[in-house]
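Student: Next comes target13.txt, compact mmCIF, C-alpha atoms:
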```txt
# COMPACT_ATOMS: atom_id res chain seq x y z
CA MET A 1 -62.26 -77.29 22.50
CA GLY A 2 -60.24 -74.90 20.34
CA SER A 3 -63.30 -72.91 19.26
CA ARG A 4 -64.50 -72.74 22.86
CA TRP A 5 -61.12 -71.43 23.94
CA GLY A 6 -61.17 -68.87 21.14
CA ILE A 7 -64.65 -67.67 22.07
CA GLY A 8 -63.50 -67.23 25.67
CA VAL A 9 -60.52 -65.15 24.57
CA VAL A 10 -62.66 -62.94 22.34
CA ASN A 11 -65.35 -62.46 24.99
CA SER A 12 -62.78 -61.53 27.61
CA PHE A 13 -60.97 -59.15 25.24
CA VAL A 14 -64.23 -57.48 24.21
CA GLY A 15 -65.19 -57.21 27.88
CA GLY A 16 -62.00 -55.34 28.68
CA LEU A 17 -62.37 -53.07 25.67
CA ARG A 18 -66.01 -52.41 26.52
CA ASP A 19 -65.20 -51.53 30.14
CA ALA A 20 -62.47 -49.13 29.03
CA LEU A 21 -64.55 -47.39 26.36
CA PHE A 22 -67.97 -47.38 28.00
CA GLY A 23 -67.00 -46.85 31.63
CA LEU A 24 -67.77 -43.16 31.31
CA SER A 25 -70.86 -43.52 33.50
CA ARG A 26 -68.60 -44.54 36.40
CA VAL A 27 -66.40 -41.50 35.81
CA VAL A 28 -69.42 -39.17 35.65
CA ALA A 29 -70.83 -40.61 38.89
CA VAL A 30 -67.52 -40.15 40.70
CA LEU A 31 -67.11 -36.59 39.44
CA ARG A 32 -70.66 -35.77 40.47
CA ASP A 33 -70.18 -37.06 44.01
CA SER A 34 -66.61 -35.98 44.75
CA SER A 35 -65.23 -32.44 44.68
CA THR A 36 -61.79 -33.88 45.51
CA VAL A 37 -61.68 -35.95 42.34
CA ARG A 38 -63.00 -33.03 40.28
CA LYS A 39 -60.28 -30.77 41.68
CA LYS A 40 -57.43 -33.25 41.16
CA LEU A 41 -58.63 -34.19 37.69
CA PHE A 42 -58.81 -30.52 36.72
CA GLU A 43 -55.31 -29.90 38.10
CA THR A 44 -53.97 -32.92 36.19
CA TRP A 45 -55.54 -31.73 32.95
CA VAL A 46 -54.26 -28.18 33.41
CA LEU A 47 -50.71 -29.25 34.20
CA ASN A 48 -50.39 -31.92 31.53
CA GLY A 49 -52.82 -30.82 28.87
CA PHE A 50 -52.41 -27.06 28.94
CA VAL A 51 -49.15 -26.09 30.62
CA LEU A 52 -46.98 -28.91 29.22
CA ALA A 53 -48.60 -30.19 26.02
CA PHE A 54 -50.04 -26.90 24.82
CA SER A 55 -46.77 -25.06 25.46
CA VAL A 56 -44.89 -27.59 23.29
CA ILE A 57 -47.50 -27.43 20.52
CA ALA A 58 -47.63 -23.62 20.64
CA PHE A 59 -43.84 -23.41 20.54
CA ASP A 60 -43.55 -25.71 17.50
CA HIS A 61 -46.47 -24.31 15.49
CA ILE A 62 -46.63 -20.65 16.53
CA VAL A 63 -43.40 -19.43 18.13
CA ILE A 64 -40.94 -21.15 15.78
CA PRO A 65 -42.65 -20.12 12.48
CA LEU A 66 -43.03 -16.56 13.78
CA LEU A 67 -39.41 -16.47 14.92
CA GLN A 68 -38.22 -17.84 11.57
CA SER A 69 -40.15 -15.14 9.74
CA LEU A 70 -38.83 -12.34 11.95
CA ILE A 71 -35.22 -13.51 11.71
CA ASN A 72 -35.47 -13.99 7.97
CA ASN A 73 -36.85 -10.49 7.48
CA PHE A 74 -34.23 -8.98 9.76
CA ILE A 75 -31.30 -10.72 8.05
CA HIS A 76 -32.54 -9.67 4.63
CA LEU A 77 -32.36 -6.04 5.76
CA LEU A 78 -28.64 -6.41 6.40
CA PRO A 79 -26.35 -5.62 3.43
CA GLY A 80 -24.33 -8.43 1.83
CA ASN A 81 -26.38 -11.35 3.26
CA GLN A 82 -27.63 -13.58 0.47
CA ASP A 83 -27.71 -17.09 1.99
CA THR A 84 -29.63 -16.83 5.28
CA GLU A 85 -30.46 -20.51 5.80
CA PRO A 86 -27.38 -21.41 7.90
CA GLN A 87 -27.89 -18.42 10.21
CA ILE A 88 -31.60 -19.08 10.64
CA GLY A 89 -31.03 -22.80 11.18
CA PHE A 90 -28.43 -22.15 13.88
CA ILE A 91 -30.62 -19.63 15.73
CA ILE A 92 -33.71 -21.85 15.61
CA SER A 93 -31.73 -24.86 16.84
CA LEU A 94 -30.36 -22.81 19.70
CA VAL A 95 -33.82 -21.56 20.65
CA ARG A 96 -35.22 -25.12 20.54
CA TYR A 97 -32.39 -26.35 22.74
CA LEU A 98 -32.92 -23.56 25.29
CA PHE A 99 -36.69 -24.15 25.32
CA SER A 100 -36.22 -27.88 25.95
CA ALA A 101 -33.46 -27.44 28.53
CA LEU A 102 -35.02 -24.59 30.49
CA TRP A 103 -38.75 -25.35 30.18
CA VAL A 104 -39.82 -28.71 28.77
CA LEU A 105 -37.48 -31.11 30.58
CA PRO A 106 -37.65 -29.45 34.04
CA LEU A 107 -41.45 -29.23 33.78
CA PHE A 108 -41.71 -32.81 32.53
CA TRP A 109 -39.68 -34.28 35.40
CA LEU A 110 -41.44 -32.05 37.95
CA ASN A 111 -44.76 -33.14 36.52
CA LYS A 112 -44.10 -36.87 36.99
CA PRO A 113 -44.09 -37.01 40.82
CA ILE A 114 -46.84 -34.38 41.10
CA SER A 115 -49.12 -36.32 38.76
CA SER A 116 -48.38 -39.57 40.60
CA ILE A 117 -49.44 -37.99 43.90
CA TRP A 118 -52.64 -36.70 42.30
CA PHE A 119 -53.36 -40.12 40.78
CA LEU A 120 -53.00 -41.68 44.23
CA GLU A 121 -55.33 -39.09 45.77
CA ILE A 122 -57.91 -39.74 43.04
CA ALA A 123 -57.70 -43.50 43.62
CA ASP A 124 -57.99 -43.07 47.41
CA GLU A 125 -61.10 -40.92 47.03
CA VAL A 126 -62.76 -43.30 44.56
CA LEU A 127 -62.05 -46.29 46.78
CA ARG A 128 -63.32 -44.40 49.82
CA GLN A 129 -66.60 -43.75 48.01
CA MET A 130 -66.87 -47.41 47.11
CA LYS A 131 -66.35 -48.47 50.72
CA GLU A 132 -68.95 -46.00 51.96
CA SER A 133 -71.49 -47.25 49.45
CA ASP A 134 -70.66 -50.83 50.46
CA LYS A 135 -70.17 -51.99 46.89
CA LYS A 136 -69.31 -55.60 46.19
CA LYS A 137 -65.59 -56.36 46.22
CA SER A 138 -63.73 -58.97 44.24
CA LYS A 139 -63.35 -62.35 45.95
CA VAL A 140 -59.68 -62.30 45.01
CA LEU A 141 -59.17 -59.00 46.78
CA LYS A 142 -60.94 -60.14 49.92
CA THR A 143 -58.33 -62.79 50.61
CA LYS A 144 -55.29 -60.53 50.45
CA LYS A 145 -55.68 -57.91 53.18
CA GLY A 146 -53.30 -57.23 56.01
CA LEU A 147 -49.78 -56.86 54.66
CA GLU A 148 -47.45 -55.09 57.08
CA VAL A 149 -46.46 -51.52 56.23
CA SER A 150 -42.81 -52.47 55.69
CA LYS A 151 -43.80 -55.25 53.30
CA TRP A 152 -46.16 -52.85 51.51
CA ILE A 153 -43.33 -50.37 50.93
CA ALA A 154 -41.01 -53.13 49.71
CA ASP A 155 -43.80 -54.40 47.47
CA MET A 156 -44.30 -50.93 45.99
CA LEU A 157 -40.58 -50.51 45.25
CA PHE A 158 -40.43 -53.98 43.72
CA SER A 159 -43.40 -53.09 41.53
CA LEU A 160 -41.80 -49.83 40.39
CA VAL A 161 -38.58 -51.54 39.30
CA LEU A 162 -40.47 -54.39 37.65
CA GLU A 163 -42.66 -52.01 35.64
CA CYS A 164 -39.64 -50.01 34.47
CA LEU A 165 -37.96 -53.21 33.31
CA PHE A 166 -41.15 -54.33 31.57
CA LEU A 167 -41.33 -50.99 29.74
CA PHE A 168 -37.74 -51.54 28.63
CA GLN A 169 -38.71 -55.06 27.50
CA ALA A 170 -41.52 -53.53 25.44
CA MET A 171 -38.99 -51.25 23.73
CA LEU A 172 -36.67 -54.18 23.02
CA VAL A 173 -39.31 -56.42 21.44
CA GLY A 174 -40.31 -53.44 19.31
CA LEU A 175 -36.99 -53.79 17.51
CA LEU A 176 -37.92 -57.25 16.18
CA PRO A 177 -38.70 -57.38 12.44
CA ALA A 178 -42.27 -57.78 11.20
CA ILE A 179 -44.05 -58.41 14.52
CA GLY A 180 -41.99 -56.10 16.72
CA VAL A 181 -44.45 -53.20 16.73
CA LEU A 182 -47.41 -55.47 17.51
CA LEU A 183 -45.55 -57.15 20.37
CA SER A 184 -44.44 -53.80 21.78
CA TYR A 185 -47.96 -52.40 21.79
CA SER A 186 -49.28 -55.63 23.30
CA HIS A 187 -46.79 -55.17 26.14
CA LEU A 188 -48.05 -51.63 26.66
CA THR A 189 -51.70 -52.73 26.85
CA LEU A 190 -50.81 -55.06 29.72
CA LEU A 191 -48.62 -52.45 31.41
CA TYR A 192 -51.27 -49.72 31.20
CA SER A 193 -53.87 -52.11 32.58
CA LEU A 194 -51.54 -52.94 35.45
CA TYR A 195 -51.10 -49.21 36.11
CA SER A 196 -54.88 -48.72 36.13
CA PHE A 197 -55.83 -51.62 38.40
CA GLU A 198 -52.79 -51.45 40.65
CA TYR A 199 -54.11 -48.65 42.85
CA ALA A 200 -57.20 -50.64 43.84
CA TRP A 201 -55.21 -53.86 44.25
CA MET A 202 -52.62 -52.15 46.44
CA ASP A 203 -55.41 -50.65 48.54
CA HIS A 204 -56.53 -54.23 49.20
CA ARG A 205 -52.93 -55.26 49.93
CA VAL A 206 -52.63 -57.56 46.94
CA SER A 207 -48.94 -58.43 46.59
CA VAL A 208 -47.10 -57.47 43.42
CA ASN A 209 -46.60 -61.08 42.34
CA HIS A 210 -50.30 -61.80 42.71
CA ARG A 211 -51.10 -58.67 40.70
CA ILE A 212 -48.81 -59.89 37.93
CA ALA A 213 -50.39 -63.36 38.12
CA MET A 214 -53.86 -61.86 37.60
CA ILE A 215 -52.67 -59.82 34.62
CA GLU A 216 -51.02 -62.88 33.04
CA GLN A 217 -53.92 -65.23 33.77
CA GLN A 218 -56.62 -62.89 32.45
CA TRP A 219 -54.50 -61.34 29.70
CA PRO A 220 -57.26 -61.14 27.02
CA TYR A 221 -59.30 -58.83 29.23
CA PHE A 222 -56.33 -56.63 30.15
CA VAL A 223 -55.15 -56.40 26.53
CA GLY A 224 -58.62 -55.11 25.66
CA PHE A 225 -58.77 -52.73 28.62
CA GLY A 226 -55.34 -51.23 27.93
CA LEU A 227 -55.84 -50.93 24.17
CA PRO A 228 -57.56 -47.49 24.03
CA LEU A 229 -54.89 -45.81 26.16
CA THR A 230 -52.13 -47.50 24.15
CA VAL A 231 -53.60 -46.25 20.87
CA ALA A 232 -54.10 -42.73 22.23
CA THR A 233 -50.50 -42.44 23.43
CA ALA A 234 -49.11 -43.95 20.21
CA LEU A 235 -50.66 -41.32 17.95
CA PRO A 236 -48.46 -38.29 18.87
CA SER A 237 -45.00 -38.27 17.32
CA SER A 238 -43.55 -36.31 20.25
CA PHE A 239 -42.61 -38.24 23.39
CA ILE A 240 -43.54 -35.24 25.56
CA ILE A 241 -46.98 -34.93 23.94
CA SER A 242 -47.50 -38.68 24.27
CA ALA A 243 -46.65 -38.52 27.98
CA SER A 244 -49.06 -35.61 28.39
CA VAL A 245 -51.84 -37.54 26.64
CA PHE A 246 -51.21 -40.46 29.01
CA ALA A 247 -51.36 -38.21 32.08
CA VAL A 248 -54.59 -36.58 30.86
CA LEU A 249 -56.41 -39.83 30.04
CA PHE A 250 -54.98 -42.16 32.68
CA PRO A 251 -57.08 -40.84 35.62
CA LEU A 252 -60.24 -41.79 33.70
CA PHE A 253 -59.07 -45.39 33.30
CA LEU A 254 -57.95 -45.39 36.93
CA ILE A 255 -61.45 -44.40 38.07
CA ILE A 256 -63.02 -47.06 35.85
CA ALA A 257 -60.62 -49.75 37.10
CA CYS A 258 -61.41 -49.02 40.75
CA ASP A 259 -65.00 -50.16 40.20
CA THR A 260 -64.55 -52.86 37.56
CA GLU A 261 -64.50 -56.63 37.81
CA PRO A 262 -62.27 -58.17 35.08
CA VAL A 263 -63.99 -60.65 32.78
CA ALA A 264 -62.31 -64.02 33.36
CA ALA A 265 -61.34 -66.33 30.52
CA ASP A 266 -60.34 -69.99 30.68
CA VAL A 267 -57.04 -69.56 28.84
CA PHE A 268 -53.39 -70.35 29.35
CA ARG A 269 -51.32 -68.03 31.51
CA LEU A 270 -49.31 -65.64 29.34
CA ARG A 271 -45.96 -65.35 31.15
CA ALA A 272 -45.08 -61.95 29.67
CA PHE A 273 -43.57 -60.73 32.96
CA ARG A 274 -41.49 -63.83 33.72
CA VAL A 275 -38.11 -62.37 32.67
CA VAL A 276 -38.57 -59.03 34.39
CA GLU A 277 -39.90 -60.75 37.53
CA TRP A 278 -36.75 -62.86 37.64
CA LEU A 279 -34.49 -59.84 37.03
CA THR A 280 -36.24 -57.73 39.66
CA ASP A 281 -36.14 -60.55 42.17
CA ALA A 282 -32.43 -61.09 41.49
CA LEU A 283 -31.73 -57.37 41.85
CA PHE A 284 -33.54 -57.12 45.18
CA ARG A 285 -31.84 -60.26 46.48
CA ARG A 286 -28.45 -58.82 45.59
CA LEU A 287 -29.27 -55.53 47.32
CA HIS A 288 -30.89 -57.27 50.28
CA PRO A 289 -29.81 -60.93 50.58
CA THR A 290 -32.43 -61.72 53.24
CA SER A 291 -35.27 -60.55 50.98
CA THR A 292 -38.28 -62.87 50.89
CA THR A 293 -39.51 -61.77 47.48
CA ALA A 294 -39.49 -65.25 46.00
CA GLU A 295 -41.31 -66.66 49.01
CA GLN A 296 -43.97 -63.98 48.67
CA LYS A 297 -44.26 -64.88 45.02
CA GLN A 298 -44.90 -68.53 45.75
CA SER A 299 -47.45 -67.86 48.49
CA SER A 300 -49.32 -65.18 46.53
CA CYS A 301 -49.71 -67.30 43.42
CA GLN A 302 -51.00 -70.40 45.13
```
Would you mind giving the structure from this file in structure tokens?
Tutor:
Amino acid sequence: MGSRWGIGVVNSFVGGLRDALFGLSRVVAVLRDSSTVRKKLFETWVLNGFVLAFSVIAFDHIVIPLLQSLINNFIHLLPGNQDTEPQIGFIISLVRYLFSALWVLPLFWLNKPISSIWFLEIADEVLRQMKESDKKKSKVLKTKKGLEVSKWIADMLFSLVLECLFLFQAMLVGLLPAIGVLLSYSHLTLLYSLYSFEYAWMDHRVSVNHRIAMIEQQWPYFVGFGLPLTVATALPSSFIISASVFAVLFPLFLIIACDTEPVAADVFRLRAFRVVEWLTDALFRRLHPTSTTAEQKQSSCQ
């Protein structure tokens, strides 16, 4: 029984990893058939990969060394200046601060909502293509259509808060000794998978609690699917560069997820979201005492 369970976990994990790494054919097909996706993907790459990421890299590796050299040469021309390190250090720190305050941070926060809108447009176009080609839909998704608009908006807000709390939970577990880093990255694999599949699930009106239930129940697959994006965003030492890498790569995983059926595994449900679900539910009930979030949770998970 134990070996059978282990084989199921491995097969599901490998299935998720395989779909994430070898789903390029789906991306190529979508790009070939849709000028909208090509345009939005290009705009996303330009904004995040060139304007934001490249500007930070160019500033650190070209502008700063050049500025240091120019300032050093200029100060050495002045009489009576022997120790130039404090002056150069102060000027460079000031320039870095101004660059971050006046360029990087405003562009980063402006980029977030713009990229989110483009991601939604990409997902809408991919799903529209799938509907036109009458591709087979998941049985789970077929049973969850028809949520009212007001409930859909509430569901989306609930999901946003829950995902922010789960990201904070990933940061907290990362502080644990020995296994903290592994646990933190495991959280991120699940979160990135949720990001990727959420657009298609929301299009089919799958409630947030049912989305979480699917992630927790089929966690080996979603750990595998989210692993490549987690590794790619973990490599850069700069938070801004890491965010740019995510924004550049995420649309590819989004396209793959829109046309992918998760590989099921007969395993226990990993309740990784239990705490943040409870906190989010408590928060929404405090803000809106008549909220039916818990009732939705029970009905969606049955």
Student: Just to confirm, what's the straight-line distance from atom CA of A:Thr189 to atom CA of A:Gly224 in Å (one decimal)?
Tutor: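 Atom CA of A:Gly224 lies at a distance of 7.4 Å from atom CA of A:Thr189.
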Student: Hey, can you check how far atom CA of A:Ala154 sits from atom CA of A:Met214?
Tutor: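 Calculated distance between atom CA of A:Ala154 and atom CA of A:Met214 is 19.7 Å.
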Student: Taking all atoms listed in the file into account, which of A:Ile122, A:Phe253, A:Pro65, A:Trp278 comes nearest A:Leu31?
Tutor: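 Under the stated criterion, the closest residue is A:Ile122.
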Student: In Å, with one decimal, what is the gap from atom CA of A:Ser115 to atom CA of A:Leu254?
Tutor: 12.8 Å
Student: Nearest to A:Asp33 among A:Arg128, A:His210, A:Arg285, A:Arg205, with distances taken over only C-alpha atoms: which residue is it?
Tutor: A:Arg128
Student: Any idea what's packed within 10 Å of A:Val161, counting only C-alpha atoms, ignoring anything in its chain fewer than 2 positions away? Could you give it as a list in words?
Tutor: Met156, Leu157, Phe158, Ser159, Glu163, Cys164, Leu165, Phe166, Leu167, Val276, Glu277, Leu279, Thr280, Asp281, Leu283 and Phe284 of chain A
Student: For the selection just defined, write its residues with C-alpha atoms to a file, as a JSON list (two decimals), in the coordinates of the input.
Tutor:
```json
[["chain", "number", "residue", "atom", "x", "y", "z"],
["A", 156, "MET", "CA", -44.30, -50.93, 45.99],
["A", 157, "LEU", "CA", -40.58, -50.51, 45.25],
["A", 158, "PHE", "CA", -40.43, -53.98, 43.72],
["A", 159, "SER", "CA", -43.40, -53.09, 41.53],
["A", 163, "GLU", "CA", -42.66, -52.01, 35.64],
["A", 164, "CYS", "CA", -39.64, -50.01, 34.47],
["A", 165, "LEU", "CA", -37.96, -53.21, 33.31],
["A", 166, "PHE", "CA", -41.15, -54.33, 31.57],
["A", 167, "LEU", "CA", -41.33, -50.99, 29.74],
["A", 276, "VAL", "CA", -38.57, -59.03, 34.39],
["A", 277, "GLU", "CA", -39.90, -60.75, 37.53],
["A", 279, "LEU", "CA", -34.49, -59.84, 37.03],
["A", 280, "THR", "CA", -36.24, -57.73, 39.66],
["A", 281, "ASP", "CA", -36.14, -60.55, 42.17],
["A", 283, "LEU", "CA", -31.73, -57.37, 41.85],
["A", 284, "PHE", "CA", -33.54, -57.12, 45.18]]
```
Student: Would you pick out the contacts of A:Leu235 at 10 Å or less, using all atoms listed in the file, so that residues sharing its chain but fewer than 6 positions from it are not included, and give the list as a count of residues only?
Tutor: 3
Student: Name all residues at most 9 Å from A:Leu127 (count only C-alpha atoms; drop same-chain ones fewer than 5 positions away) and give them as a PyMOL selection string.
Tutor: chain A and resi 122+132+200+203+255+258-259
Student: Need the shell around A:Ile215: protein/DNA/RNA residues with any atom at most 8 Å away, counting all atoms listed in the file. Skip same-chain ones fewer than 6 positions apart. Format as number ranges by chain?
Tutor: A: 190, 194, 222
